[in-house]
Amino acid sequence: MNHTRHTATGLCLTLCLLPLAIGATAETTPELPMVTVTADEQALPDLGATATVTRLDARAVRAAAGPSASSPFKAIADTPSVNFQSADPHGLTEVGFHETIKIRGVGQTGPSSSRNIDDLPITVNPGGSKGILDLENISEISVYRGAAPVNKSLGFSNLPGKINLTTLGPQATAASQLRLEGGSDDFKRLFFRQDTGQHGPFSGFLSGSLNAGDKWKGEGDFERQNLFGGMALDGGAAWQAELYAGYSQDERHNYRFFDYATASNFANFERDWSNDPTRVDHYDYNRQAFIDRFVYANLRLRLAEDMQLSIKPYYLNESGNYWFSAINATDATKSRVIDWMIDHENLGVLTRLDWQLTPTQSLQPGFWIQSQEPPGPPSTQQKYRVTNSGLVFDGWQMLSDNDPHRLLSPYVTYQGTFDRLNVEAGLRYVNLRLGALTAYSATGKAATLTDPDAARAAGGVDPMASADAKTFDEWLPYLGVTWTLDPTTSLFARLGRSYGLDVNLFPYYYVQKAQFVRKGVSFQSLWDRLELETANNIDLGLRHARDNWDVGLTTFYARHYNKQSTIYDPAIGVRYPWNAADADRYGIELEGNLRISPAWRLTGNYTWNRFRYLEDLALSSTATIACEDKQVVDAPEHMLKLGARYDHQA
């Protein structure tokens with residue numbers, strides 16, 4: 001159900017004056033120019049784009065997102081080379097603690113999201129900030145594959161590319177939108193948005209939603225409440241300002257993860273967590289609850305006729321808990337319920353200068369700063385034993401303190417159009433400092449204290465599991481060139497570097513510290529050898545578009561250095577993530593659309609992606625895993641997607 005009411009005063013006045021206007025026209029009979037009105041058509045692909053990007057407008061986003069309209073990943077799941085896995089039909093539950101989305105077989109790394117909002121890396125990972133925006137408040141989603149332009153790829157990492165959500169700002173006309181939906185498994189959703197319209201320099205809106213339902217299998221449910229608003233002030237040619245703020249509360253029970261053997265047996269289709277609270281795998285011991293508060297702004301100042309300064313600050317605070325069952329497959333007495341306590345902040349600002357050099361050339365220098373408080377890596381996790389009378393506190397799974405991660409990143413990008421040639425060139429410098437990590441002993445008195453600060457004070461610093469701050473530096477060049485052969489066909493080339501870093505080494509070390517210590521291996525010694533993963537990307541292809549159909553072909557290649565994998569080191573007898581080997585990735589993307597009629601549209605795309613290790617994984621100085629020339633784990637080699645879309649115009 002979708003009701004939209006627009007301000008009717010102007011329309012009523014027009015209808016009342018229409019007879020008078022007709023009479024006046026009959027007397028004077030002036031000659032008027034012909035006006036042609038056409039129905040809206042699906043926009044043709046941008047043949048002049050200087051990036052490998054798929055753009056979905058608001059209508060396409062809302063149709064693809066499904067009834068919950070909260071998961072941007074579900075909205076883009078059918079775009080080329082995107083592989084998205086969710087444990088629920090609404091795309092809201094990640095399989096694990098991180099985003100389960102990969103682009104060209106590459107997943108997001110580090111404590112950040114692959115998704116930006118208005119080009120800003122506001123959201124964090126892990127946590128609950130994935131669905132803080134209802135997709136009715138999004139005007140466009142852009143999916144950049146491979147290397148993205150330097151001003152579109154900000155974030156803690158950008159190895160897979162970037163997903164950018166463009167906010168639907170305050171509208172010039174007052175309008176109300178109300179949506180009420182329901183379905184099986186007690187699913188229900190209420191969404192509203194009220195736009196004030198333009199009143200002098202001011203316009204604004206307020207929106208909110210309630211989402212609730214049962215899990216589609218097993219016991220448990222989910223509930224999300226979103227509140228989001230924005231305002232804009234228009235100072236004419238001199239300045240403009242926008243301010244957005246939101247609040248999101250998300251609570252849900254998680255689905256059970258399957259190993260390969262369990263997932264291979266279709267009889268386990270409806271298997272989930274236990275209903276018995278005396279078992280460690282009880283469903284209520286596997287849940288998450290988060291509260292997110294965020295605000296961001298955009299202030300634009302006209303410095304000269306051809307020069308504009310933009311300042312975009314942002315802030316997010318997130319607090320909540322992951323509860324999960326840590327099941328020991330070999331010794332059930334060691335199984336525990338874990339409470340991962342999360343409370344972190346993300347603060348940054350992007351300052352940018354837009355300089356129009358000529359009508360067809362522009363230069364954009366910018367400077368991005370961000371301070372991000374962990375996790376990751378995780379710092380505070382409590383353990384609980386399961387008894388017949390409930391959960392009993394059993395000490396600390398993880399007890400540490402992390403300083404914030406800091407990023408400094410100046411960049412410059414140039415765009416120019418020369419007859420049929422479009423060029424975008426950019427260079428970005430990244431200075432990434434991982435915050436110092438101080439681990440604490442969780443034995444003795446510390447193991448009896450539930451307050452983390454008191455436990456840290458009682459346990460004292462554990463030097464073997466602690467590490468100093470560590471800094472990485474990297475240059476990220478980008479070049480995109482598109483040659484338009486004629487109004488229907490273009491050829492393109494893109495070259496660029498992307499980077500990523502996972503910070504998940506610490507939890508592996510802390511939990512298995514006894515084995516590391518026996519071999520004399522400190523966390524600092526591993527931390528010092530940690531390296532960035534980088535990828536040099538190249539795309540070549542063509543795009544052809546007619547009135548009712550279009551087709552595109554992209555060939556791509558990327559060389560990955562220091563690719564991280566989780567290894568088993570026989571010299572120590574433990575598993576941990578490591579920059580173990582180089583890899584390369586090459587393939588093709590074929591995509592097309594066919595508009596059969598104004599109502600019917602067929603879409604499809606195919607991806608072949610050969611993502612292989614170039615060497616065996618080094619486990620230690622004497623041991624390796626024979627994986628040379630084998631496909632990287634969880635990177636589909638073939639993906640085929642076909643779909644049909646019908647839009648009924650009332």
# chains A, B, ... in the order shown; residues from 1 in each chain; ligands from 1
>>> residues_around(residues="segment 628-641 of chain A", least_positions_apart="6", cutoff="10 Å", atoms="only C-alpha atoms", output="tab-separated table (two decimals) with N, CA and C atoms, in the first residue's frame")
chain	number	residue	atom	x	y	z
A	77	ALA	N	22.06	-7.03	-5.69
A	77	ALA	CA	22.50	-8.43	-5.80
A	77	ALA	C	22.49	-8.93	-7.23
A	78	ASP	N	21.67	-8.35	-8.12
A	78	ASP	CA	21.58	-8.83	-9.49
A	78	ASP	C	22.44	-8.04	-10.46
A	79	THR	N	23.28	-7.15	-9.95
A	79	THR	CA	24.17	-6.41	-10.84
A	79	THR	C	25.39	-7.27	-11.19
A	80	PRO	N	26.11	-6.93	-12.25
A	80	PRO	CA	27.21	-7.80	-12.72
A	80	PRO	C	28.29	-8.02	-11.66
A	81	SER	N	28.75	-9.25	-11.55
A	81	SER	CA	29.88	-9.68	-10.71
A	81	SER	C	29.64	-9.54	-9.22
A	82	VAL	N	28.41	-9.24	-8.80
A	82	VAL	CA	28.11	-9.12	-7.38
A	82	VAL	C	27.57	-10.45	-6.87
A	83	ASN	N	28.18	-10.96	-5.80
A	83	ASN	CA	27.74	-12.19	-5.16
A	83	ASN	C	27.37	-11.86	-3.72
A	102	LYS	N	30.53	-9.94	-2.19
A	102	LYS	CA	31.79	-9.91	-2.92
A	102	LYS	C	31.54	-9.38	-4.32
A	103	ILE	N	32.50	-8.60	-4.80
A	103	ILE	CA	32.45	-8.05	-6.15
A	103	ILE	C	33.66	-8.59	-6.89
A	104	ARG	N	33.40	-9.32	-7.97
A	104	ARG	CA	34.46	-10.02	-8.70
A	104	ARG	C	35.25	-10.95	-7.79
A	105	GLY	N	34.56	-11.56	-6.83
A	105	GLY	CA	35.18	-12.53	-5.94
A	105	GLY	C	35.96	-11.92	-4.80
A	106	VAL	N	35.93	-10.59	-4.66
A	106	VAL	CA	36.71	-9.90	-3.63
A	106	VAL	C	35.76	-9.35	-2.58
A	107	GLY	N	36.02	-9.66	-1.31
A	107	GLY	CA	35.20	-9.17	-0.22
A	107	GLY	C	35.81	-7.95	0.44
A	563	LYS	N	47.97	-11.15	-0.57
A	563	LYS	CA	46.59	-11.55	-0.31
A	563	LYS	C	46.51	-12.30	1.01
A	565	SER	N	44.94	-14.80	3.76
A	565	SER	CA	44.17	-16.04	3.89
A	565	SER	C	44.36	-16.56	5.31
A	581	ALA	N	50.17	-15.07	0.16
A	581	ALA	CA	50.54	-15.34	-1.24
A	581	ALA	C	49.98	-14.25	-2.13
A	582	ASP	N	50.57	-14.13	-3.34
A	582	ASP	CA	50.02	-13.25	-4.36
A	582	ASP	C	48.97	-14.02	-5.16
A	583	ALA	N	48.13	-13.28	-5.87
A	583	ALA	CA	47.09	-13.91	-6.69
A	583	ALA	C	46.79	-13.00	-7.87
A	584	ASP	N	46.22	-13.56	-8.92
A	584	ASP	CA	45.71	-12.71	-9.99
A	584	ASP	C	44.28	-13.10	-10.33
A	585	ARG	N	43.62	-12.17	-10.98
A	585	ARG	CA	42.18	-12.30	-11.24
A	585	ARG	C	41.91	-11.77	-12.65
A	587	GLY	N	38.95	-12.09	-16.19
A	587	GLY	CA	37.67	-12.63	-16.64
A	587	GLY	C	36.92	-11.65	-17.52
A	588	ILE	N	35.64	-11.93	-17.70
A	588	ILE	CA	34.78	-11.08	-18.53
A	588	ILE	C	33.45	-10.86	-17.82
A	589	GLU	N	32.84	-9.75	-18.14
A	589	GLU	CA	31.47	-9.44	-17.72
A	589	GLU	C	30.66	-9.10	-18.97
A	590	LEU	N	29.58	-9.80	-19.16
A	590	LEU	CA	28.68	-9.55	-20.29
A	590	LEU	C	27.32	-9.20	-19.71
A	591	GLU	N	26.79	-8.04	-20.09
A	591	GLU	CA	25.51	-7.60	-19.53
A	591	GLU	C	24.65	-7.00	-20.62
A	603	THR	N	16.46	-8.38	-18.33
A	603	THR	CA	17.84	-8.05	-17.98
A	603	THR	C	18.63	-9.34	-17.77
A	604	GLY	N	19.92	-9.23	-17.92
A	604	GLY	CA	20.76	-10.39	-17.67
A	604	GLY	C	22.23	-10.02	-17.68
A	605	ASN	N	23.04	-10.82	-17.00
A	605	ASN	CA	24.49	-10.64	-17.05
A	605	ASN	C	25.17	-11.95	-16.71
A	606	TYR	N	26.36	-12.10	-17.24
A	606	TYR	CA	27.18	-13.30	-17.01
A	606	TYR	C	28.58	-12.84	-16.66
A	607	THR	N	29.20	-13.51	-15.67
A	607	THR	CA	30.57	-13.21	-15.27
A	607	THR	C	31.38	-14.50	-15.25
A	608	TRP	N	32.52	-14.45	-15.89
A	608	TRP	CA	33.53	-15.50	-15.72
A	608	TRP	C	34.71	-14.85	-15.00
A	609	ASN	N	35.09	-15.42	-13.86
A	609	ASN	CA	36.10	-14.81	-13.01
A	609	ASN	C	37.08	-15.87	-12.55
A	610	ARG	N	38.26	-15.86	-13.15
A	610	ARG	CA	39.33	-16.80	-12.76
A	610	ARG	C	40.22	-16.08	-11.76
A	611	PHE	N	40.07	-16.47	-10.49
A	611	PHE	CA	40.79	-15.81	-9.39
A	611	PHE	C	41.65	-16.88	-8.75
A	612	ARG	N	42.96	-16.86	-8.98
A	612	ARG	CA	43.82	-17.98	-8.61
A	612	ARG	C	45.04	-17.50	-7.84
A	613	TYR	N	45.52	-18.37	-6.97
A	613	TYR	CA	46.78	-18.12	-6.27
A	613	TYR	C	47.94	-18.33	-7.25
A	614	LEU	N	48.94	-17.49	-7.13
A	614	LEU	CA	50.12	-17.60	-7.98
A	614	LEU	C	51.24	-18.41	-7.35
A	615	GLU	N	51.05	-18.77	-6.09
A	615	GLU	CA	52.07	-19.55	-5.40
A	615	GLU	C	51.41	-20.34	-4.27
A	616	ASP	N	52.11	-21.30	-3.74
A	616	ASP	CA	51.61	-22.04	-2.58
A	616	ASP	C	51.59	-21.12	-1.36
A	617	LEU	N	50.63	-21.34	-0.48
A	617	LEU	CA	50.55	-20.56	0.75
A	617	LEU	C	51.66	-20.98	1.70
>>> closest_atom_pairs(of="segment 430-488 of chain A", to="segment 147-160 of chain A", cutoff="9 Å", atoms="only C-alpha atoms", output="tab-separated table")
residue	atom	partner	partner_atom	distance
A:Leu432	CA	A:Phe156	CA	8.1
A:Leu476	CA	A:Val150	CA	7.4
A:Pro477	CA	A:Val150	CA	7.5
A:Tyr478	CA	A:Pro149	CA	6.1
A:Leu479	CA	A:Pro149	CA	7.8
A:Gly480	CA	A:Pro149	CA	8.0
>>> residues_around(residues="segment 499-516 of chain A", least_positions_apart="2", cutoff="8 Å", atoms="only C-alpha atoms", output="ChimeraX atom specification")
/A:108-111,156-159,376-378,397-398,465,497,518-523,531-535,564,572-578
>>> write_last_selection(atoms="N, CA and C atoms", output="compact mmCIF listing (two decimals), in the first residue's frame")
# COMPACT_ATOMS: atom_id res chain seq x y z
N GLN A 108 34.97 -7.24 1.18
CA GLN A 108 35.44 -6.09 1.94
C GLN A 108 36.34 -6.54 3.08
N THR A 109 37.42 -5.81 3.32
CA THR A 109 38.33 -6.13 4.41
C THR A 109 38.34 -4.98 5.41
N GLY A 110 38.77 -5.30 6.60
CA GLY A 110 38.92 -4.26 7.61
C GLY A 110 37.62 -3.90 8.29
N PRO A 111 37.70 -3.03 9.30
CA PRO A 111 36.51 -2.65 10.08
C PRO A 111 35.72 -1.54 9.42
N PHE A 156 38.28 2.70 4.84
CA PHE A 156 39.37 1.95 5.45
C PHE A 156 40.03 1.03 4.44
N SER A 157 39.24 0.54 3.48
CA SER A 157 39.77 -0.26 2.39
C SER A 157 38.78 -0.20 1.24
N ASN A 158 39.23 -0.58 0.04
CA ASN A 158 38.35 -0.53 -1.14
C ASN A 158 38.70 -1.60 -2.16
N LEU A 159 39.20 -2.74 -1.70
CA LEU A 159 39.64 -3.79 -2.62
C LEU A 159 38.57 -4.23 -3.62
N GLY A 376 36.91 -3.30 14.51
CA GLY A 376 37.85 -4.31 14.84
C GLY A 376 39.28 -3.82 15.02
N PRO A 377 40.15 -4.68 15.65
CA PRO A 377 39.76 -6.02 16.08
C PRO A 377 38.91 -5.98 17.34
N PRO A 378 38.22 -7.09 17.66
CA PRO A 378 37.41 -7.13 18.88
C PRO A 378 38.26 -6.94 20.13
N GLN A 397 36.69 -13.94 27.18
CA GLN A 397 37.23 -14.49 25.95
C GLN A 397 38.25 -13.53 25.33
N MET A 398 38.03 -12.23 25.51
CA MET A 398 38.89 -11.21 24.95
C MET A 398 38.87 -10.01 25.90
N ALA A 465 50.80 -10.18 24.24
CA ALA A 465 49.66 -10.06 23.32
C ALA A 465 49.39 -8.61 22.93
N ARG A 497 44.62 1.34 -8.76
CA ARG A 497 45.05 0.50 -7.65
C ARG A 497 44.05 0.61 -6.51
N ARG A 518 54.34 -20.72 23.92
CA ARG A 518 55.22 -21.89 24.02
C ARG A 518 56.30 -21.87 22.94
N LYS A 519 55.98 -21.29 21.80
CA LYS A 519 56.96 -21.20 20.71
C LYS A 519 57.72 -19.87 20.72
N GLY A 520 57.45 -19.05 21.74
CA GLY A 520 58.17 -17.79 21.86
C GLY A 520 57.76 -16.74 20.84
N VAL A 521 56.54 -16.84 20.32
CA VAL A 521 56.05 -15.91 19.29
C VAL A 521 55.16 -14.87 19.95
N SER A 522 55.59 -13.62 19.95
CA SER A 522 54.78 -12.53 20.51
C SER A 522 53.85 -11.98 19.44
N PHE A 523 52.79 -11.33 19.90
CA PHE A 523 51.87 -10.70 18.95
C PHE A 523 52.57 -9.56 18.21
N GLU A 531 51.07 -6.70 6.41
CA GLU A 531 51.21 -5.87 5.22
C GLU A 531 49.85 -5.56 4.62
N LEU A 532 49.77 -4.44 3.90
CA LEU A 532 48.57 -4.13 3.13
C LEU A 532 48.42 -5.11 1.98
N GLU A 533 47.18 -5.45 1.67
CA GLU A 533 46.90 -6.13 0.41
C GLU A 533 46.55 -5.08 -0.63
N THR A 534 47.21 -5.12 -1.76
CA THR A 534 46.94 -4.17 -2.84
C THR A 534 46.61 -4.93 -4.11
N ALA A 535 45.89 -4.26 -5.01
CA ALA A 535 45.54 -4.87 -6.29
C ALA A 535 45.67 -3.82 -7.39
N GLN A 564 45.53 -11.90 1.82
CA GLN A 564 45.39 -12.52 3.13
C GLN A 564 44.51 -13.77 3.07
N ILE A 572 53.65 -23.92 14.75
CA ILE A 572 53.10 -23.45 16.02
C ILE A 572 51.91 -24.29 16.45
N GLY A 573 51.21 -24.87 15.46
CA GLY A 573 50.04 -25.69 15.76
C GLY A 573 48.77 -24.88 15.92
N VAL A 574 48.66 -23.77 15.17
CA VAL A 574 47.49 -22.89 15.29
C VAL A 574 47.08 -22.40 13.90
N ARG A 575 45.84 -21.87 13.84
CA ARG A 575 45.33 -21.21 12.63
C ARG A 575 45.31 -19.71 12.87
N TYR A 576 45.66 -18.93 11.86
CA TYR A 576 45.57 -17.48 11.97
C TYR A 576 45.63 -16.87 10.57
N PRO A 577 45.10 -15.64 10.40
CA PRO A 577 45.13 -14.99 9.09
C PRO A 577 46.51 -14.42 8.79
N TRP A 578 46.90 -14.51 7.51
CA TRP A 578 48.25 -14.07 7.16
C TRP A 578 48.30 -13.63 5.70
>>> residues_around(residues="segment 323-326 of chain A", least_positions_apart="6", cutoff="7 Å", atoms="only C-alpha atoms", output="MDAnalysis selection string")
chainID A and resid 280:281 285:288 335:340
>>> write_last_selection(atoms="N, CA and C atoms", output="compact mmCIF listing (two decimals), in the first residue's frame")
# COMPACT_ATOMS: atom_id res chain seq x y z
N VAL A 280 24.09 -25.20 24.86
CA VAL A 280 24.89 -24.05 24.47
C VAL A 280 24.43 -23.47 23.14
N ASP A 281 23.73 -24.27 22.34
CA ASP A 281 23.29 -23.79 21.03
C ASP A 281 21.83 -23.32 21.04
N TYR A 285 20.70 -17.55 22.63
CA TYR A 285 22.10 -17.24 22.87
C TYR A 285 22.79 -16.80 21.58
N ASN A 286 22.01 -16.62 20.53
CA ASN A 286 22.54 -16.22 19.22
C ASN A 286 21.69 -15.06 18.69
N ARG A 287 22.06 -13.89 19.11
CA ARG A 287 21.28 -12.69 18.77
C ARG A 287 22.18 -11.47 18.78
N GLN A 288 21.65 -10.39 18.26
CA GLN A 288 22.39 -9.13 18.25
C GLN A 288 21.43 -7.98 18.48
N SER A 335 32.72 -25.67 25.33
CA SER A 335 31.80 -24.80 24.59
C SER A 335 31.27 -23.71 25.52
N ARG A 336 31.15 -22.51 24.99
CA ARG A 336 30.70 -21.37 25.78
C ARG A 336 29.77 -20.49 24.94
N VAL A 337 29.02 -19.66 25.64
CA VAL A 337 28.24 -18.59 25.00
C VAL A 337 29.04 -17.30 25.17
N ILE A 338 29.23 -16.56 24.06
CA ILE A 338 30.07 -15.37 24.06
C ILE A 338 29.19 -14.13 23.90
N ASP A 339 29.49 -13.13 24.72
CA ASP A 339 28.87 -11.81 24.58
C ASP A 339 29.95 -10.85 24.10
N TRP A 340 29.84 -10.45 22.83
CA TRP A 340 30.78 -9.50 22.25
C TRP A 340 30.22 -8.09 22.48
>>> residues_around(residues="Gly169 of chain A", least_positions_apart="5", cutoff="10 Å", atoms="only C-alpha atoms", output="PDB file with all heavy atoms, in the first residue's frame")
ATOM      1  N   ASN A 137      14.643   6.462   1.068  1.00  0.00           N
ATOM      2  CA  ASN A 137      15.386   7.716   1.223  1.00  0.00           C
ATOM      3  C   ASN A 137      16.645   7.764   0.365  1.00  0.00           C
ATOM      4  O   ASN A 137      17.505   8.617   0.573  1.00  0.00           O
ATOM      5  CB  ASN A 137      15.762   7.928   2.690  1.00  0.00           C
ATOM      6  CG  ASN A 137      14.552   8.171   3.564  1.00  0.00           C
ATOM      7  OD1 ASN A 137      13.628   8.892   3.179  1.00  0.00           O
ATOM      8  ND2 ASN A 137      14.539   7.571   4.755  1.00  0.00           N
ATOM      9  N   ILE A 138      16.756   6.838  -0.593  1.00  0.00           N
ATOM     10  CA  ILE A 138      17.913   6.777  -1.480  1.00  0.00           C
ATOM     11  C   ILE A 138      17.461   7.094  -2.903  1.00  0.00           C
ATOM     12  O   ILE A 138      16.506   6.499  -3.405  1.00  0.00           O
ATOM     13  CB  ILE A 138      18.577   5.390  -1.426  1.00  0.00           C
ATOM     14  CG1 ILE A 138      19.064   5.094  -0.009  1.00  0.00           C
ATOM     15  CG2 ILE A 138      19.716   5.291  -2.428  1.00  0.00           C
ATOM     16  CD1 ILE A 138      20.075   6.084   0.522  1.00  0.00           C
ATOM     17  N   SER A 139      18.145   8.019  -3.551  1.00  0.00           N
ATOM     18  CA  SER A 139      17.796   8.378  -4.930  1.00  0.00           C
ATOM     19  C   SER A 139      18.564   7.560  -5.951  1.00  0.00           C
ATOM     20  O   SER A 139      18.118   7.423  -7.099  1.00  0.00           O
ATOM     21  CB  SER A 139      18.056   9.867  -5.176  1.00  0.00           C
ATOM     22  OG  SER A 139      19.440  10.168  -5.049  1.00  0.00           O
ATOM     23  N   ASP A 195       7.801  15.487   3.496  1.00  0.00           N
ATOM     24  CA  ASP A 195       8.611  16.588   2.995  1.00  0.00           C
ATOM     25  C   ASP A 195       7.868  17.898   3.213  1.00  0.00           C
ATOM     26  O   ASP A 195       6.664  18.006   2.937  1.00  0.00           O
ATOM     27  CB  ASP A 195       8.904  16.407   1.510  1.00  0.00           C
ATOM     28  CG  ASP A 195      10.081  15.478   1.266  1.00  0.00           C
ATOM     29  OD1 ASP A 195       9.857  14.257   1.176  1.00  0.00           O
ATOM     30  OD2 ASP A 195      11.210  15.977   1.179  1.00  0.00           O
ATOM     31  N   SER A 203      14.121  23.895   3.250  1.00  0.00           N
ATOM     32  CA  SER A 203      13.338  22.704   2.920  1.00  0.00           C
ATOM     33  C   SER A 203      13.809  21.580   3.821  1.00  0.00           C
ATOM     34  O   SER A 203      14.952  21.588   4.299  1.00  0.00           O
ATOM     35  CB  SER A 203      13.492  22.322   1.444  1.00  0.00           C
ATOM     36  OG  SER A 203      14.846  22.061   1.130  1.00  0.00           O
ATOM     37  N   GLY A 204      12.945  20.621   4.070  1.00  0.00           N
ATOM     38  CA  GLY A 204      13.321  19.537   4.970  1.00  0.00           C
ATOM     39  C   GLY A 204      12.404  18.342   4.837  1.00  0.00           C
ATOM     40  O   GLY A 204      11.402  18.365   4.111  1.00  0.00           O
ATOM     41  N   PHE A 205      12.762  17.280   5.544  1.00  0.00           N
ATOM     42  CA  PHE A 205      11.916  16.086   5.569  1.00  0.00           C
ATOM     43  C   PHE A 205      12.185  15.317   6.851  1.00  0.00           C
ATOM     44  O   PHE A 205      13.235  15.476   7.503  1.00  0.00           O
ATOM     45  CB  PHE A 205      12.172  15.177   4.359  1.00  0.00           C
ATOM     46  CG  PHE A 205      13.488  14.441   4.406  1.00  0.00           C
ATOM     47  CD1 PHE A 205      13.585  13.184   4.999  1.00  0.00           C
ATOM     48  CD2 PHE A 205      14.629  15.000   3.867  1.00  0.00           C
ATOM     49  CE1 PHE A 205      14.794  12.504   5.061  1.00  0.00           C
ATOM     50  CE2 PHE A 205      15.847  14.331   3.917  1.00  0.00           C
ATOM     51  CZ  PHE A 205      15.929  13.088   4.508  1.00  0.00           C
ATOM     52  N   GLY A 229      16.121  12.218   9.194  1.00  0.00           N
ATOM     53  CA  GLY A 229      15.625  13.514   8.764  1.00  0.00           C
ATOM     54  C   GLY A 229      16.726  14.337   8.141  1.00  0.00           C
ATOM     55  O   GLY A 229      17.916  14.086   8.334  1.00  0.00           O
ATOM     56  N   GLY A 230      16.315  15.335   7.388  1.00  0.00           N
ATOM     57  CA  GLY A 230      17.287  16.208   6.749  1.00  0.00           C
ATOM     58  C   GLY A 230      16.703  17.584   6.501  1.00  0.00           C
ATOM     59  O   GLY A 230      15.482  17.760   6.431  1.00  0.00           O
ATOM     60  N   MET A 231      17.584  18.542   6.395  1.00  0.00           N
ATOM     61  CA  MET A 231      17.172  19.903   6.078  1.00  0.00           C
ATOM     62  C   MET A 231      18.197  20.524   5.152  1.00  0.00           C
ATOM     63  O   MET A 231      19.380  20.149   5.149  1.00  0.00           O
ATOM     64  CB  MET A 231      17.036  20.755   7.340  1.00  0.00           C
ATOM     65  CG  MET A 231      18.301  20.851   8.178  1.00  0.00           C
ATOM     66  SD  MET A 231      18.140  21.946   9.606  1.00  0.00           S
ATOM     67  CE  MET A 231      18.172  23.536   8.773  1.00  0.00           C
ATOM     68  N   ALA A 232      17.737  21.435   4.316  1.00  0.00           N
ATOM     69  CA  ALA A 232      18.609  22.128   3.379  1.00  0.00           C
ATOM     70  C   ALA A 232      18.325  23.618   3.448  1.00  0.00           C
ATOM     71  O   ALA A 232      17.173  24.040   3.602  1.00  0.00           O
ATOM     72  CB  ALA A 232      18.397  21.606   1.964  1.00  0.00           C
ATOM     73  N   GLU A 242      23.403  21.406   3.709  1.00  0.00           N
ATOM     74  CA  GLU A 242      22.523  20.268   3.987  1.00  0.00           C
ATOM     75  C   GLU A 242      22.969  19.610   5.285  1.00  0.00           C
ATOM     76  O   GLU A 242      24.175  19.509   5.550  1.00  0.00           O
ATOM     77  CB  GLU A 242      22.576  19.241   2.855  1.00  0.00           C
ATOM     78  CG  GLU A 242      22.068  19.739   1.525  1.00  0.00           C
ATOM     79  CD  GLU A 242      22.284  18.731   0.418  1.00  0.00           C
ATOM     80  OE1 GLU A 242      23.428  18.218   0.324  1.00  0.00           O
ATOM     81  OE2 GLU A 242      21.339  18.450  -0.323  1.00  0.00           O
ATOM     82  N   LEU A 243      22.004  19.173   6.072  1.00  0.00           N
ATOM     83  CA  LEU A 243      22.286  18.479   7.329  1.00  0.00           C
ATOM     84  C   LEU A 243      21.356  17.288   7.437  1.00  0.00           C
ATOM     85  O   LEU A 243      20.137  17.421   7.261  1.00  0.00           O
ATOM     86  CB  LEU A 243      22.079  19.416   8.523  1.00  0.00           C
ATOM     87  CG  LEU A 243      22.259  18.785   9.913  1.00  0.00           C
ATOM     88  CD1 LEU A 243      23.721  18.382  10.123  1.00  0.00           C
ATOM     89  CD2 LEU A 243      21.805  19.750  11.005  1.00  0.00           C
ATOM     90  N   TYR A 244      21.925  16.097   7.723  1.00  0.00           N
ATOM     91  CA  TYR A 244      21.148  14.871   7.873  1.00  0.00           C
ATOM     92  C   TYR A 244      21.489  14.229   9.211  1.00  0.00           C
ATOM     93  O   TYR A 244      22.642  14.273   9.660  1.00  0.00           O
ATOM     94  CB  TYR A 244      21.457  13.882   6.745  1.00  0.00           C
ATOM     95  CG  TYR A 244      21.135  14.404   5.370  1.00  0.00           C
ATOM     96  CD1 TYR A 244      22.129  14.993   4.582  1.00  0.00           C
ATOM     97  CD2 TYR A 244      19.852  14.315   4.856  1.00  0.00           C
ATOM     98  CE1 TYR A 244      21.846  15.485   3.320  1.00  0.00           C
ATOM     99  CE2 TYR A 244      19.558  14.796   3.586  1.00  0.00           C
ATOM    100  CZ  TYR A 244      20.554  15.382   2.825  1.00  0.00           C
ATOM    101  OH  TYR A 244      20.263  15.870   1.581  1.00  0.00           O
TER     102      TYR A 244
END
>>> residues_around(residues="Ala297 of chain A", least_positions_apart="4", cutoff="12 Å", atoms="only C-alpha atoms", output="VMD selection string")
chain A and resid 117 to 120 122 167 169 229 to 233 240 to 246 310 to 315 348 to 351
>>> select_by_dssp(residues="segment 191-419 of chain A", states="helix (DSSP H, G or I)", output="list in words")
Tyr260, Ala261, Thr262, Ala263, Ser264, Phe266, Ala267, Asn268, Tyr283, Asp284, Tyr285, Ala332, Thr333 and Lys334 of chain A
>>> residues_around(residues="Gln524 of chain A", least_positions_apart="6", cutoff="8 Å", atoms="only C-alpha atoms", output="VMD selection string")
chain A and resid 464 to 468
>>> closest_residue(among="A:Glu181, A:Asn593, A:Tyr322, A:Ala329", to="Phe97 of chain A", atoms="only C-alpha atoms")
A:Tyr322
>>> closest_residue(among="A:Ala545, A:Gly128, A:Ala599, A:Leu135", to="His344 of chain A", atoms="only C-alpha atoms")
A:Gly128
>>> select_by_dssp(residues="segment 60-207 of chain A", states="strand (DSSP E)", output="ChimeraX atom specification")
/A:82-84,101-103,106-107,115-117,138-145,161-167,175-183,187-195,202-207
>>> closest_residue(among="A:Thr52, A:Gln364, A:Gln249, A:Thr438", to="Gly320 of chain A", atoms="only C-alpha atoms")
A:Gln249
>>> closest_residue(among="A:Lys470, A:Arg428, A:Arg494, A:His98", to="Gly127 of chain A", atoms="only C-alpha atoms")
A:His98
>>> atom_distance(atom1="atom CA of Asn536 of chain A", atom2="atom CA of Leu421 of chain A")
23.7 Å
>>> closest_residue(among="A:Asp403, A:Phe269, A:Ser389, A:Gln415", to="Gln361 of chain A", atoms="only C-alpha atoms")
A:Gln415
